[in-house]
$ cat query-v3.txt   # compact mmCIF, C-alpha atoms
# COMPACT_ATOMS: atom_id res chain seq x y z
CA MET A 1 -19.09 6.36 8.01
CA THR A 2 -17.76 9.65 6.66
CA PRO A 3 -19.54 11.27 3.70
CA LEU A 4 -17.49 14.00 1.99
CA SER A 5 -18.76 16.23 -0.79
CA GLY A 6 -16.99 16.29 -4.13
CA GLY A 7 -17.07 18.59 -7.12
CA ALA A 8 -16.93 16.04 -9.94
CA GLY A 9 -20.29 14.36 -9.24
CA GLY A 10 -21.20 10.76 -8.57
CA ASP A 11 -20.83 8.60 -5.48
CA ILE A 12 -17.62 6.90 -4.36
CA LEU A 13 -17.21 4.21 -1.69
CA LEU A 14 -13.81 3.87 0.01
CA LEU A 15 -13.04 0.84 2.20
CA GLY A 16 -10.09 0.84 4.59
CA ALA A 17 -10.20 4.58 5.28
CA GLY A 18 -8.49 4.10 8.65
CA GLY A 19 -5.23 2.77 7.18
CA GLN A 20 -2.26 4.77 6.00
CA LEU A 21 -3.21 4.55 2.31
CA GLY A 22 -6.93 4.90 2.99
CA TYR A 23 -6.24 8.06 4.98
CA GLU A 24 -4.47 9.64 2.01
CA LEU A 25 -7.12 8.48 -0.45
CA ALA A 26 -9.82 10.06 1.70
CA ARG A 27 -8.04 13.38 1.22
CA VAL A 28 -8.00 13.30 -2.60
CA LEU A 29 -11.05 11.29 -3.69
CA PRO A 30 -13.61 14.02 -2.86
CA GLU A 31 -12.27 15.84 -5.91
CA LEU A 32 -13.82 13.06 -8.02
CA GLY A 33 -17.23 12.72 -6.37
CA SER A 34 -19.22 12.44 -3.18
CA LEU A 35 -17.10 10.19 -0.96
CA THR A 36 -18.33 7.76 1.67
CA ALA A 37 -15.28 6.51 3.59
CA TRP A 38 -15.62 3.39 5.75
CA THR A 39 -13.16 2.22 8.38
CA ARG A 40 -13.06 -1.25 9.94
CA ALA A 41 -15.58 -0.03 12.53
CA ASP A 42 -18.03 0.82 9.74
CA CYS A 43 -17.63 -2.44 7.82
CA ASP A 44 -15.77 -5.47 9.17
CA LEU A 45 -14.26 -7.18 6.14
CA ALA A 46 -13.18 -10.16 8.25
CA ASN A 47 -16.85 -11.20 8.00
CA PRO A 48 -17.36 -11.44 4.22
CA ALA A 49 -21.06 -12.39 4.43
CA ALA A 50 -21.97 -9.36 6.56
CA ALA A 51 -19.69 -7.12 4.52
CA ARG A 52 -21.33 -8.28 1.28
CA GLU A 53 -24.79 -7.42 2.64
CA LYS A 54 -23.77 -3.94 3.79
CA ILE A 55 -21.75 -3.02 0.69
CA ASN A 56 -24.42 -4.39 -1.63
CA ALA A 57 -27.10 -2.35 0.13
CA PHE A 58 -25.00 0.80 -0.28
CA ALA A 59 -24.31 0.03 -3.93
CA GLN A 60 -27.99 -0.60 -4.71
CA ALA A 61 -29.09 2.58 -2.97
CA ARG A 62 -26.35 4.93 -4.16
CA ARG A 63 -25.08 3.35 -7.39
CA PRO A 64 -21.48 4.55 -6.92
CA TRP A 65 -19.42 4.99 -10.07
CA LEU A 66 -16.31 3.98 -8.09
CA ILE A 67 -15.45 1.54 -5.29
CA VAL A 68 -11.93 1.76 -3.85
CA ASN A 69 -10.61 -1.05 -1.68
CA ALA A 70 -7.67 0.15 0.40
CA ALA A 71 -8.37 -2.42 3.14
CA ALA A 72 -6.17 -5.46 3.69
CA TYR A 73 -4.92 -7.85 6.33
CA THR A 74 -1.28 -6.68 6.35
CA ALA A 75 0.17 -8.39 9.45
CA VAL A 76 2.52 -10.55 7.37
CA ASP A 77 3.87 -12.70 10.20
CA ARG A 78 0.53 -13.11 12.01
CA ALA A 79 -1.06 -14.24 8.77
CA GLU A 80 0.92 -17.48 9.06
CA SER A 81 -1.23 -18.41 12.09
CA GLU A 82 -4.34 -16.29 11.37
CA THR A 83 -4.83 -17.74 7.92
CA GLU A 84 -8.63 -17.70 7.91
CA THR A 85 -8.82 -14.01 8.76
CA ALA A 86 -6.14 -13.12 6.22
CA ARG A 87 -7.96 -15.10 3.52
CA ALA A 88 -11.34 -13.54 4.35
CA VAL A 89 -10.03 -9.97 4.01
CA ASN A 90 -7.41 -10.41 1.29
CA ALA A 91 -8.90 -13.16 -0.88
CA GLU A 92 -12.69 -13.29 -0.40
CA ILE A 93 -13.52 -9.59 -0.14
CA PRO A 94 -12.02 -8.62 -3.54
CA GLY A 95 -14.26 -11.23 -5.16
CA VAL A 96 -17.27 -9.92 -3.23
CA LEU A 97 -16.51 -6.36 -4.31
CA GLY A 98 -15.93 -7.45 -7.88
CA GLY A 99 -19.32 -9.12 -8.02
CA ILE A 100 -21.04 -6.02 -6.68
CA ALA A 101 -19.12 -3.74 -9.05
CA ALA A 102 -19.96 -5.95 -12.03
CA ARG A 103 -23.68 -5.87 -11.21
CA THR A 104 -23.84 -2.11 -10.63
CA GLY A 105 -21.38 -0.94 -13.29
CA ALA A 106 -18.89 0.58 -10.83
CA LEU A 107 -15.16 0.73 -11.46
CA LEU A 108 -13.29 -1.13 -8.71
CA THR A 109 -9.81 0.00 -7.63
CA HIS A 110 -7.91 -2.51 -5.52
CA TYR A 111 -4.37 -2.56 -4.07
CA SER A 112 -2.06 -5.55 -4.01
CA THR A 113 1.56 -6.30 -3.19
CA GLU A 114 4.96 -7.39 -4.48
CA TYR A 115 4.68 -10.30 -2.05
CA VAL A 116 2.85 -12.21 -4.78
CA PHE A 117 6.38 -12.88 -6.15
CA ASP A 118 9.15 -15.04 -4.66
CA GLY A 119 11.85 -12.37 -4.99
CA LYS A 120 14.28 -14.57 -6.90
CA SER A 121 14.32 -12.47 -10.08
CA ALA A 122 17.48 -10.49 -10.87
CA ARG A 123 15.37 -7.63 -12.31
CA PRO A 124 12.26 -5.72 -11.19
CA TYR A 125 9.07 -7.73 -11.61
CA ARG A 126 6.71 -7.03 -14.51
CA GLU A 127 2.95 -7.50 -14.50
CA SER A 128 3.37 -10.46 -16.85
CA ASP A 129 5.77 -12.36 -14.55
CA ALA A 130 4.44 -15.52 -12.94
CA PRO A 131 3.53 -15.08 -9.26
CA ALA A 132 5.01 -17.45 -6.67
CA PRO A 133 4.27 -16.15 -3.16
CA LEU A 134 6.47 -17.24 -0.26
CA ASN A 135 3.98 -16.68 2.57
CA VAL A 136 0.29 -16.70 3.48
CA TYR A 137 -0.05 -12.94 3.11
CA GLY A 138 1.26 -13.02 -0.46
CA GLN A 139 -0.83 -16.08 -1.32
CA THR A 140 -4.06 -14.51 -0.05
CA LYS A 141 -3.36 -11.26 -1.88
CA LEU A 142 -2.80 -13.23 -5.09
CA GLU A 143 -6.06 -15.10 -4.54
CA GLY A 144 -7.79 -11.74 -4.13
CA GLU A 145 -6.38 -10.47 -7.43
CA ARG A 146 -7.61 -13.59 -9.21
CA ALA A 147 -11.05 -13.44 -7.60
CA LEU A 148 -11.45 -9.84 -8.71
CA LEU A 149 -10.32 -10.57 -12.26
CA ALA A 150 -12.73 -13.51 -12.43
CA SER A 151 -15.67 -11.35 -11.31
CA GLY A 152 -15.99 -9.58 -14.65
CA ALA A 153 -15.87 -6.14 -13.03
CA ARG A 154 -13.99 -3.29 -14.68
CA SER A 155 -11.05 -2.82 -12.34
CA LEU A 156 -7.68 -1.29 -11.58
CA ILE A 157 -5.43 -3.62 -9.58
CA LEU A 158 -2.43 -1.66 -8.33
CA ARG A 159 0.51 -3.60 -6.91
CA THR A 160 2.89 -1.64 -4.72
CA SER A 161 5.53 -2.22 -2.03
CA TRP A 162 7.04 -1.00 1.25
CA VAL A 163 4.26 1.56 1.81
CA PHE A 164 4.72 4.26 4.44
CA GLY A 165 2.95 7.46 5.45
CA ALA A 166 2.56 10.09 8.14
CA HIS A 167 -0.65 8.43 9.32
CA GLY A 168 -0.71 4.94 10.85
CA GLY A 169 2.03 2.50 11.79
CA ASN A 170 4.88 1.49 9.49
CA PHE A 171 8.59 0.62 9.31
CA LEU A 172 9.66 4.28 9.31
CA LYS A 173 7.92 5.06 12.59
CA THR A 174 8.96 1.77 14.17
CA MET A 175 12.61 2.51 13.39
CA LEU A 176 12.38 5.95 14.99
CA ARG A 177 10.83 4.46 18.10
CA LEU A 178 13.45 1.72 18.41
CA ALA A 179 16.31 4.17 17.83
CA GLY A 180 15.04 6.16 20.79
CA GLU A 181 14.93 3.06 23.01
CA ARG A 182 17.95 0.92 22.09
CA ASP A 183 21.73 1.18 22.05
CA THR A 184 22.07 -1.30 19.17
CA LEU A 185 19.69 -2.35 16.43
CA GLY A 186 19.94 -5.05 13.76
CA VAL A 187 18.13 -4.58 10.43
CA VAL A 188 18.01 -6.90 7.43
CA ALA A 189 20.38 -5.86 4.63
CA ASP A 190 19.79 -8.53 1.95
CA GLN A 191 16.21 -7.62 0.96
CA ARG A 192 15.80 -4.76 -1.51
CA GLY A 193 12.86 -2.68 -2.55
CA ALA A 194 11.51 0.84 -3.09
CA PRO A 195 9.80 2.48 -0.09
CA THR A 196 6.63 4.04 -1.52
CA SER A 197 4.73 7.00 -0.11
CA ALA A 198 1.03 6.48 0.60
CA ALA A 199 0.45 10.13 -0.30
CA TRP A 200 2.08 9.64 -3.71
CA LEU A 201 0.07 6.45 -4.31
CA ALA A 202 -3.11 8.36 -3.58
CA GLN A 203 -2.15 11.14 -5.99
CA VAL A 204 -1.36 8.68 -8.81
CA THR A 205 -4.62 6.82 -8.13
CA ARG A 206 -6.50 10.11 -8.46
CA LEU A 207 -4.77 10.76 -11.80
CA MET A 208 -5.76 7.32 -13.11
CA LEU A 209 -9.34 7.69 -11.94
CA ARG A 210 -9.69 11.16 -13.39
CA ARG A 211 -8.52 9.74 -16.72
CA TYR A 212 -11.21 7.05 -16.47
CA ARG A 213 -13.91 9.58 -15.58
CA GLU A 214 -12.95 11.84 -18.46
CA SER A 215 -12.96 8.97 -20.93
CA GLN A 216 -16.44 7.88 -19.77
CA ARG A 217 -17.88 11.37 -20.07
CA ALA A 218 -16.43 11.77 -23.55
CA GLY A 219 -17.93 8.44 -24.59
CA GLN A 220 -14.45 7.01 -25.08
CA GLY A 221 -14.46 4.42 -22.32
CA GLY A 222 -12.77 1.91 -24.58
CA LEU A 223 -9.65 4.10 -24.62
CA PHE A 224 -9.12 3.70 -20.89
CA ARG A 225 -6.89 0.73 -20.07
CA ASP A 226 -8.04 -0.93 -16.90
CA GLY A 227 -6.27 -4.00 -15.52
CA LEU A 228 -3.14 -4.74 -13.49
CA TYR A 229 -0.38 -2.15 -12.92
CA HIS A 230 2.75 -1.85 -10.79
CA LEU A 231 3.18 1.41 -8.83
CA THR A 232 6.22 2.13 -6.67
CA ALA A 233 8.65 4.96 -6.06
CA ALA A 234 11.86 5.11 -8.10
CA GLY A 235 15.24 3.90 -6.92
CA GLU A 236 16.00 1.07 -4.55
CA THR A 237 17.40 0.39 -1.10
CA THR A 238 17.57 -2.29 1.60
CA TRP A 239 15.78 -2.26 4.93
CA HIS A 240 19.13 -1.56 6.60
CA ASP A 241 19.99 1.40 4.36
CA TYR A 242 16.41 2.67 4.60
CA ALA A 243 16.78 2.74 8.39
CA ALA A 244 20.17 4.47 8.13
CA HIS A 245 18.60 7.19 5.97
CA ILE A 246 15.79 7.70 8.48
CA PHE A 247 18.25 8.06 11.36
CA SER A 248 20.50 10.43 9.41
CA ARG A 249 17.60 12.74 8.61
CA ALA A 250 16.35 12.59 12.19
CA ARG A 251 19.76 13.63 13.55
CA GLN A 252 19.97 16.45 11.01
CA ALA A 253 16.60 17.66 12.32
CA GLY A 254 17.96 17.71 15.87
CA VAL A 255 16.25 14.57 17.19
CA ALA A 256 18.43 13.02 19.92
CA LEU A 257 18.45 9.31 19.14
CA ARG A 258 19.84 6.86 21.65
CA LEU A 259 21.15 4.64 18.84
CA ARG A 260 24.57 5.66 17.50
CA PRO A 261 25.24 5.28 13.75
CA GLU A 262 27.94 2.65 14.24
CA ASN A 263 25.52 0.48 16.26
CA LEU A 264 23.10 -0.06 13.37
CA VAL A 265 23.96 -3.67 12.47
CA ALA A 266 23.43 -5.21 9.02
CA LEU A 267 21.78 -8.65 9.29
CA THR A 268 21.03 -11.38 6.78
CA SER A 269 17.56 -12.87 6.42
CA ARG A 270 18.91 -16.08 7.95
CA GLU A 271 20.08 -14.18 11.01
CA TYR A 272 16.77 -12.34 11.41
CA LYS A 273 14.20 -15.13 11.56
CA THR A 274 10.53 -14.31 11.03
CA PRO A 275 7.47 -16.59 10.85
CA ALA A 276 6.84 -15.53 7.24
CA ALA A 277 9.53 -15.67 4.57
CA ARG A 278 10.17 -12.42 2.66
CA PRO A 279 11.27 -11.96 -0.95
CA GLU A 280 14.86 -10.80 -1.45
CA ASN A 281 13.83 -8.69 -4.45
CA SER A 282 10.71 -6.54 -3.94
CA LEU A 283 11.34 -4.24 -6.90
CA LEU A 284 8.47 -3.73 -9.37
CA ASP A 285 8.81 -2.58 -12.98
CA ASN A 286 6.59 0.50 -13.50
CA ARG A 287 7.04 0.94 -17.25
CA LEU A 288 3.53 -0.20 -18.19
CA ALA A 289 1.79 2.29 -15.88
CA LEU A 290 4.17 5.08 -16.91
CA SER A 291 3.50 4.47 -20.61
CA VAL A 292 -0.28 4.41 -20.19
CA PHE A 293 -0.81 7.20 -17.66
CA GLY A 294 2.30 9.37 -17.97
CA PHE A 295 2.81 10.31 -14.32
CA SER A 296 6.12 11.26 -12.69
CA ARG A 297 7.84 8.84 -10.33
CA PRO A 298 9.82 10.37 -7.43
CA ASP A 299 12.83 8.75 -5.82
CA TRP A 300 11.92 6.92 -2.63
CA LYS A 301 13.99 9.33 -0.52
CA GLU A 302 11.77 12.26 -1.51
CA GLY A 303 8.68 10.63 0.00
CA VAL A 304 10.52 9.50 3.11
CA ASP A 305 11.96 12.97 3.69
CA ALA A 306 8.53 14.58 3.27
CA VAL A 307 7.00 12.30 5.91
CA LEU A 308 9.92 12.86 8.27
CA ARG A 309 9.50 16.63 7.99
CA GLU A 310 5.88 16.17 9.02
CA ILE A 311 6.32 13.77 11.93
CA LEU A 312 9.74 14.57 13.43
CA PRO A 313 8.45 17.53 15.48
CA ALA A 314 6.40 14.93 17.40
CA PHE A 315 9.50 12.87 18.23
CA PRO A 316 11.38 14.80 20.95
CA GLU A 317 14.48 12.87 21.99
CA GLY A 318 13.52 10.09 19.63
CA LYS A 319 10.24 9.27 21.41
CA PRO A 320 6.99 9.20 19.40
CA ARG A 321 3.70 10.41 20.73
CA ALA A 322 1.63 7.73 22.43
CA GLY A 323 -0.25 5.61 19.94
CA GLU A 324 1.77 6.61 16.90
CA CYS A 325 3.53 3.29 16.34

$ encode --input "query-v3.txt" --output "structure tokens"
Amino acid sequence: MTPLSGGAGGDILLLGAGGQLGYELARVLPELGSLTAWTRADCDLANPAAAREKINAFAQARRPWLIVNAAAYTAVDRAESETETARAVNAEIPGVLGGIAARTGALLTHYSTEYVFDGKSARPYRESDAPAPLNVYGQTKLEGERALLASGARSLILRTSWVFGAHGGNFLKTMLRLAGERDTLGVVADQRGAPTSAAWLAQVTRLMLRRYRESQRAGQGGLFRDGLYHLTAAGETTWHDYAAHIFSRARQAGVALRLRPENLVALTSREYKTPAARPENSLLDNRLALSVFGFSRPDWKEGVDAVLREILPAFPEGKPRAGEC
């Protein structure tokens, strides 16, 4: 458990502080209050009954104005066989948190995924589009959204996609590692989305929450629009082109990759079989969030380049530090 002092007053509880998004949130949330940041070691969300008891005790004692759930079971392929664990973390816990938030008056911020959709749309998905998940991960995340909405808690549910960051494991770091180990590499080229920086997500979350706090203090809470929003970087790419961009920037920075550019092979989803099906279209329409909160939306390459500038010094000859990926 990590308590951090904040200047804005009031207690905040962050769950999932050990993940790549939780890490970034832990850096910005102290500006909004006194932050208690829990990792999996502090509160095991795979045991909803024990988690409910611990979180409820904290909420009764501290009466936080904000609970942020950045925790999730994100092993998409393993979720096909570890369904009970995925459902406990992704589906049951949001309902548990919603019940606690409703009883104590806290605002609950929760993160979800584009995997609630089947990816068959020709355009980016809007909040009003009907979900149709293709895999267990997406189904459990959808169940979590619905459990939270049914709880009666005031909440922000923020759907995002293809998240990456300097902290924790992700596609970006995996690609760098593989490019340092292999002569050829095949990457899927028929799934498109917008890689989204965890640091940017944390900054936009802070903006939304500051708006909520200001509206409450001014006695204008009804002017704050809680609910479901889509948040992703601008632009689009495929996994294959995303990897090509990573490798290009790494070479420009002087990292000696074993993989040559011509040996990055474009694969179809049929050629690259995985236990869990993935949506072909992972793009999310951000117009609702932009109209309500008025933040800027960077191109996905800006966030990727920023993370690469931070981590590439640790990748001599294309090899990451032990434990990075």

$ closest_residue --input "query-v3.txt" --among "A:Ala102, A:Val188, A:Leu176, A:Ala198" --to "A:Arg249" --atoms "all atoms listed in the file"
A:Leu176

$ residues_around --input "query-v3.txt" --residues "stretch 271-284 of chain A" --least-positions-apart "2" --cutoff "9 Å" --atoms "all atoms listed in the file" --output "ChimeraX atom specification"
/A:76-81,114-115,117-127,133-137,159-162,186-188,190-194,230-232,236,267-269,286

$ atom_distance --input "query-v3.txt" --atom1 "atom CA of A:Asn69" --atom2 "atom CA of A:Gly16"
6.6 Å

$ closest_residue --input "query-v3.txt" --among "A:Leu97, A:Leu13, A:Val307, A:Ile246" --to "A:Leu149" --atoms "only C-alpha atoms"
A:Leu97

$ axis_aligned_box --input "query-v3.txt" --around "stretch 75-93 of chain A" --padding-each-side "5 Å" --output "lines of an AutoDock Vina configuration file"
center_x = -4.8
center_y = -13.4
center_z = 5.6
size_x = 27.4
size_y = 20.0
size_z = 23.0

$ closest_residue --input "query-v3.txt" --among "A:Ala150, A:Leu290, A:Leu14, A:Ala189" --to "A:Arg270" --atoms "only C-alpha atoms"
A:Ala189
